[in-house]
Amino acid sequence: MDPKRELTSVDLAALVTELGTYAGAKLDKAYLYGDDLLRLKLRDFDRGRVELLIEVGETKRAHVVSPEHVPDAPGRPPGFAKMLRNRLSGADFAGVSQFGFDRVLTFEFERGDRNTKVVAELFGEGNVAVLDATGEVIDCLNTVRLQSRTVAPGAQYEFPSARFDPLAVDYDGFAARMEESNTDLVRTLATQLNFGGLYGEELCTRAGVEKELAIEEADETDFEALYDALTGLSEQLSSGDFNPRIYRDDGDPVDVTPFPLDERAELDSEGFDSFTAALDAYFVELDTTEDEESGGRERPDFEEQIERQQRIIDQQEGAIEDFEAQADRERETAESLYANYELVDEILTTVRNAREEGIGWEAIEERFAEGEERGIAAAEAVSGIEPSEGTVTVDIDDRDVELDPQEGVEQNADRLYREAKRVVEKKEGAEEAVAETREELEAIERQRDEWEAGDVDDDPDEESEDVDWLSQRSIPVRTDEQWYERFRWFHTSDGFLVLGGRNADQNEDLVKKYLDRGDRFFHTQVQGGPVTILKATGPSEPTREIDLPDRSLEEAAKFAVSYSTVWKNGRFAGDAYMAEPDQVSKTPESGEYLEKGGFAIRGDRTYFRDTAVGVAVGITCEPETRVIGGPPSAITERTETAIEVEPGQYAQNDAAKRLYREFRERFEDTSFIRKVASPDLIAEFLPPGGSRIVD
């Protein structure tokens, strides 16, 4: 018996029930392995770390896996993974749904600034598409352009044609569907009702009917028995009343189901507490069995991977051409409005005045029809009116242009120019995607060449030797935007995140939204310092009291002093204090007033006297390429190279330019510095006021 490698529609219906219990978990990071395995790392308040795998290649599955079964993180995240991290980092998992009874799952994520859907197509060639809140495809693993549907960046996502859903049909609909068939009972259940062969046989067995009984010979008693069995299966799926099993044939795994099947009764089986746990164990065991049978590593199909990357490049370049043509059309249409200004203005004014007089859309349309008969140019130019949208379509220079009569010619033209600008931005994004795909193609070609030369790493878990990034002629850019980057920030030597406000508004936000139980609040004794918070736990972890290392506390105090007016006033030391979250209040003492960004501290404080200022700005190359800054003790060990600064005579922007020039001299790849450490990015990590490089 061939082992199961794809989940069925019944399996997915069961998964939707189980995965729904993870709603509320926060997404930490996304990974893409090869071109068909997506990993979403989440953090659940009750369960802790949650790993969701979605595979759409030869094996098609989607389920939670145990952390020890998670593959090691790939080296450089491809563009698709970086896009997901940018959109989903810190987002809440809002739930999952199945498209009808099809093998399509939609995972929904919600975040304050944007909502995102990840659609997994677990049929055919397989695909994963990422959609924005409007249903537009942001990106997808495979571009699909068929007569029946399109899945491509920039297009509205189109689901496959919906199949008949047997779990949603009443008895009359079920009986009618069965009677329409010209074959036997089991084949009708498998094909016409979309249950597939295994579950078609299972329903017949549960119903106690003859599987190969011809439809014309079946009676209402047979149909009622089958419908009762179908209803029982549906109730099991919706209630979560599962008893998952892995089935083995001669010791090898061959199937996994959400509940025991009579059709698998002759096979050995093993029970599990949840269907996702059963799926995890099944696919791990299946992969292990196949690895043992193959006798070792096989040569990857580099040619197929190269061909696929080239297809993606061709599609992306085609999209760029389409974007260019669309932007040109929008601009040319806008220019046509200005070229026919008087005509367009007459049409818009006529419609606007008529609506203000209370004249209905049908009457307006009749007026234009009468005007067209009399040969009035403005009426002849009107090619349509859409009452539901409140728009009028005008034929200008052989182009149909939809206009809003509530706006003038200039506003309608400006809307077209804005659309052209939006399309150009999409074109620029496509151009960046082409560049990334070309880099991925080159990486595959290098892997192929290394394999054929026999220079293959047989131990992928072995640590690679340190790379001298300063002397590298080309450094790949690897970035991953984080939610906290709008604030001042750094990670302490012990790995704790420290946040600081850049202004009064951010000071307010930090205390109201990000100061949690277990954190520490820091501020300077002098006025004009940032609210500084040392986070005890991450945003996706439950808050808790922990013993924070003294080194991290001292670094947070140095950070608070360094980015305050102490530095701005040219002083080299200052006092800072620390308080617990419950000591911080926005309510002033009687007779006092708190300015925006200010807070009252009640109770005893812990002081850090004569804390020396000190800031280092450095550049990291692994695992990400970026500029970072903060207390030298926390920065220098994390970076490939760093520069320390102290209060001095150069204004913030001038000092940033000096550091930029110094970094350019240290790195062989100067273009890399332009990309990741421009003067503007460096300036974000410099304290307000004058600075100079420490000799």
# chains A, B, ... in the order shown; residues from 1 in each chain; ligands from 1
$ residues_around --residues "segment 436-448 of chain A" --least-positions-apart "4" --cutoff "7 Å" --atoms "only C-alpha atoms" --output "JSON, numbers by chain"
{"A": [79, 302, 306, 309, 313, 432, 452]}
$ closest_residue --among "A:Ser585, A:Asn412, A:Ser383, A:Ser9" --to "Pro258 of chain A" --atoms "only C-alpha atoms"
A:Ser9
$ atom_distance --atom1 "atom CA of Val118 of chain A" --atom2 "atom CA of Val423 of chain A"
23.2 Å
$ residues_around --residues "Leu515 of chain A" --least-positions-apart "3" --cutoff "7 Å" --atoms "only C-alpha atoms" --output "PDB file with C-alpha atoms, in the first residue's frame"
ATOM      1  CA  LEU A 510       5.827  53.199  25.954  1.00  0.00           C
ATOM      2  CA  VAL A 511       4.259  53.493  29.380  1.00  0.00           C
ATOM      3  CA  LYS A 512       0.644  52.960  28.305  1.00  0.00           C
ATOM      4  CA  ASP A 519       9.646  45.151  33.276  1.00  0.00           C
ATOM      5  CA  ILE A 533      11.897  50.392  29.533  1.00  0.00           C
ATOM      6  CA  PRO A 581       5.738  49.277  36.615  1.00  0.00           C
TER       7      PRO A 581
END
$ residues_around --residues "Asp11 of chain A" --least-positions-apart "5" --cutoff "12 Å" --atoms "only C-alpha atoms" --output "PyMOL selection string"
chain A and resi 4+6+16-19+60-63+98+101-105+122+195-196+198-199+233-234+236-238+240+242+244-245+255-259+275-276+278-279
$ select_by_dssp --residues "segment 133-379 of chain A" --states "strand (DSSP E or B)" --output "list of chain:residue names"
A:Glu136, A:Val137, A:Ile138, A:Asp139, A:Cys140, A:Val144, A:Arg145, A:Thr150, A:Val151, A:Gln156, A:Asp184, A:Ala214, A:Arg245, A:Ile246, A:Tyr247, A:Arg248, A:Asp249, A:Asp252, A:Pro253, A:Val254, A:Asp255, A:Val256, A:Thr257, A:Asp268, A:Ser269, A:Glu270, A:Gly271
$ closest_residue --among "A:Glu121, A:Glu646, A:Glu346, A:Asp113" --to "Val409 of chain A" --atoms "only C-alpha atoms"
A:Glu346
$ closest_residue --among "A:Phe283, A:Asp480, A:Glu362, A:Asp400" --to "Leu88 of chain A" --atoms "only C-alpha atoms"
A:Asp480
$ closest_residue --among "A:Leu12, A:Val424, A:Met83, A:Ala281" --to "Tyr31 of chain A" --atoms "only C-alpha atoms"
A:Met83
$ atom_distance --atom1 "atom CA of Val467 of chain A" --atom2 "atom CA of Thr620 of chain A"
12.1 Å
$ select_by_dssp --residues "segment 128-325 of chain A" --states "helix (DSSP H, G or I)" --output "PyMOL selection string"
chain A and resi 166-168+171-179+185-192+196-207+215-217+220-239+262-264+275-294+302-325
$ residues_around --residues "Ala176 of chain A" --least-positions-apart "3" --cutoff "12 Å" --atoms "only C-alpha atoms" --output "list of chain:residue names"
A:Val169, A:Asp170, A:Tyr171, A:Asp172, A:Gly173, A:Glu179, A:Glu180, A:Ser181, A:Thr188, A:Gln192, A:Leu193, A:Ile215, A:Glu220, A:Phe223, A:Tyr227
$ write_last_selection --atoms "N, CA and C atoms" --output "PDB file, in the first residue's frame"
ATOM      1  N   VAL A 169     -25.029  19.751   2.814  1.00  0.00           N
ATOM      2  CA  VAL A 169     -26.237  19.449   2.055  1.00  0.00           C
ATOM      3  C   VAL A 169     -27.300  18.814   2.963  1.00  0.00           C
ATOM      4  N   ASP A 170     -28.586  19.111   2.681  1.00  0.00           N
ATOM      5  CA  ASP A 170     -29.665  18.453   3.419  1.00  0.00           C
ATOM      6  C   ASP A 170     -29.998  17.133   2.724  1.00  0.00           C
ATOM      7  N   TYR A 171     -30.939  16.389   3.298  1.00  0.00           N
ATOM      8  CA  TYR A 171     -31.220  15.060   2.744  1.00  0.00           C
ATOM      9  C   TYR A 171     -31.738  15.138   1.321  1.00  0.00           C
ATOM     10  N   ASP A 172     -32.651  16.062   1.038  1.00  0.00           N
ATOM     11  CA  ASP A 172     -33.209  16.160  -0.313  1.00  0.00           C
ATOM     12  C   ASP A 172     -32.114  16.442  -1.335  1.00  0.00           C
ATOM     13  N   GLY A 173     -31.202  17.354  -0.986  1.00  0.00           N
ATOM     14  CA  GLY A 173     -30.101  17.658  -1.900  1.00  0.00           C
ATOM     15  C   GLY A 173     -29.180  16.465  -2.076  1.00  0.00           C
ATOM     16  N   GLU A 179     -29.125  10.445  -7.101  1.00  0.00           N
ATOM     17  CA  GLU A 179     -29.970   9.951  -8.191  1.00  0.00           C
ATOM     18  C   GLU A 179     -29.490  10.416  -9.559  1.00  0.00           C
ATOM     19  N   GLU A 180     -28.731  11.505  -9.587  1.00  0.00           N
ATOM     20  CA  GLU A 180     -28.226  12.006 -10.863  1.00  0.00           C
ATOM     21  C   GLU A 180     -27.111  11.135 -11.423  1.00  0.00           C
ATOM     22  N   SER A 181     -26.527  10.274 -10.575  1.00  0.00           N
ATOM     23  CA  SER A 181     -25.391   9.460 -10.990  1.00  0.00           C
ATOM     24  C   SER A 181     -25.840   8.282 -11.853  1.00  0.00           C
ATOM     25  N   THR A 188     -20.187   6.986  -6.651  1.00  0.00           N
ATOM     26  CA  THR A 188     -20.925   8.249  -6.581  1.00  0.00           C
ATOM     27  C   THR A 188     -20.480   9.069  -5.371  1.00  0.00           C
ATOM     28  N   GLN A 192     -18.986  12.140  -7.220  1.00  0.00           N
ATOM     29  CA  GLN A 192     -20.045  13.146  -7.285  1.00  0.00           C
ATOM     30  C   GLN A 192     -20.195  13.920  -5.977  1.00  0.00           C
ATOM     31  N   LEU A 193     -19.908  13.266  -4.850  1.00  0.00           N
ATOM     32  CA  LEU A 193     -20.005  13.940  -3.553  1.00  0.00           C
ATOM     33  C   LEU A 193     -18.629  14.287  -2.987  1.00  0.00           C
ATOM     34  N   ILE A 215     -26.880   2.669  -8.738  1.00  0.00           N
ATOM     35  CA  ILE A 215     -27.775   3.722  -8.261  1.00  0.00           C
ATOM     36  C   ILE A 215     -29.226   3.406  -8.593  1.00  0.00           C
ATOM     37  N   GLU A 220     -34.726   4.311  -1.253  1.00  0.00           N
ATOM     38  CA  GLU A 220     -34.661   5.388  -0.270  1.00  0.00           C
ATOM     39  C   GLU A 220     -34.023   4.917   1.037  1.00  0.00           C
ATOM     40  N   PHE A 223     -30.336   5.307   0.637  1.00  0.00           N
ATOM     41  CA  PHE A 223     -29.941   6.721   0.694  1.00  0.00           C
ATOM     42  C   PHE A 223     -30.015   7.263   2.122  1.00  0.00           C
ATOM     43  N   TYR A 227     -27.020   8.788   4.257  1.00  0.00           N
ATOM     44  CA  TYR A 227     -27.079  10.167   4.755  1.00  0.00           C
ATOM     45  C   TYR A 227     -26.878  10.205   6.267  1.00  0.00           C
TER      46      TYR A 227
END
$ closest_residue --among "A:Leu7, A:Leu203, A:Leu534, A:Ile619" --to "Glu55 of chain A" --atoms "only C-alpha atoms"
A:Leu7
$ decode --residues "segment 112-125 of chain A" --atoms "N, CA and C atoms" --output "PDB file, in the first residue's frame"
ATOM      1  N   GLY A 112      -2.431  45.637  14.240  1.00  0.00           N
ATOM      2  CA  GLY A 112      -2.998  46.979  14.300  1.00  0.00           C
ATOM      3  C   GLY A 112      -2.928  47.731  12.989  1.00  0.00           C
ATOM      4  N   ASP A 113      -1.823  47.571  12.241  1.00  0.00           N
ATOM      5  CA  ASP A 113      -1.646  48.349  11.020  1.00  0.00           C
ATOM      6  C   ASP A 113      -2.151  47.643   9.772  1.00  0.00           C
ATOM      7  N   ARG A 114      -2.331  46.301   9.825  1.00  0.00           N
ATOM      8  CA  ARG A 114      -2.771  45.607   8.624  1.00  0.00           C
ATOM      9  C   ARG A 114      -3.219  44.188   8.972  1.00  0.00           C
ATOM     10  N   ASN A 115      -4.154  43.669   8.191  1.00  0.00           N
ATOM     11  CA  ASN A 115      -4.585  42.283   8.308  1.00  0.00           C
ATOM     12  C   ASN A 115      -4.095  41.512   7.086  1.00  0.00           C
ATOM     13  N   THR A 116      -3.788  40.255   7.283  1.00  0.00           N
ATOM     14  CA  THR A 116      -3.208  39.444   6.210  1.00  0.00           C
ATOM     15  C   THR A 116      -3.828  38.056   6.225  1.00  0.00           C
ATOM     16  N   LYS A 117      -4.016  37.506   5.025  1.00  0.00           N
ATOM     17  CA  LYS A 117      -4.471  36.127   4.888  1.00  0.00           C
ATOM     18  C   LYS A 117      -3.399  35.321   4.158  1.00  0.00           C
ATOM     19  N   VAL A 118      -3.163  34.114   4.642  1.00  0.00           N
ATOM     20  CA  VAL A 118      -2.251  33.182   3.982  1.00  0.00           C
ATOM     21  C   VAL A 118      -3.089  32.010   3.493  1.00  0.00           C
ATOM     22  N   VAL A 119      -3.190  31.861   2.174  1.00  0.00           N
ATOM     23  CA  VAL A 119      -4.010  30.810   1.574  1.00  0.00           C
ATOM     24  C   VAL A 119      -3.106  29.666   1.137  1.00  0.00           C
ATOM     25  N   ALA A 120      -3.369  28.477   1.653  1.00  0.00           N
ATOM     26  CA  ALA A 120      -2.600  27.284   1.294  1.00  0.00           C
ATOM     27  C   ALA A 120      -3.445  26.408   0.383  1.00  0.00           C
ATOM     28  N   GLU A 121      -2.968  26.210  -0.852  1.00  0.00           N
ATOM     29  CA  GLU A 121      -3.654  25.348  -1.815  1.00  0.00           C
ATOM     30  C   GLU A 121      -2.987  23.977  -1.771  1.00  0.00           C
ATOM     31  N   LEU A 122      -3.685  23.006  -1.186  1.00  0.00           N
ATOM     32  CA  LEU A 122      -3.123  21.678  -0.971  1.00  0.00           C
ATOM     33  C   LEU A 122      -3.646  20.691  -2.001  1.00  0.00           C
ATOM     34  N   PHE A 123      -3.663  21.116  -3.255  1.00  0.00           N
ATOM     35  CA  PHE A 123      -4.109  20.256  -4.349  1.00  0.00           C
ATOM     36  C   PHE A 123      -3.260  20.574  -5.575  1.00  0.00           C
ATOM     37  N   GLY A 124      -3.318  19.692  -6.575  1.00  0.00           N
ATOM     38  CA  GLY A 124      -2.617  19.951  -7.829  1.00  0.00           C
ATOM     39  C   GLY A 124      -1.137  20.201  -7.626  1.00  0.00           C
ATOM     40  N   GLU A 125      -0.653  21.319  -8.213  1.00  0.00           N
ATOM     41  CA  GLU A 125       0.753  21.687  -8.079  1.00  0.00           C
ATOM     42  C   GLU A 125       1.069  22.264  -6.706  1.00  0.00           C
TER      43      GLU A 125
END
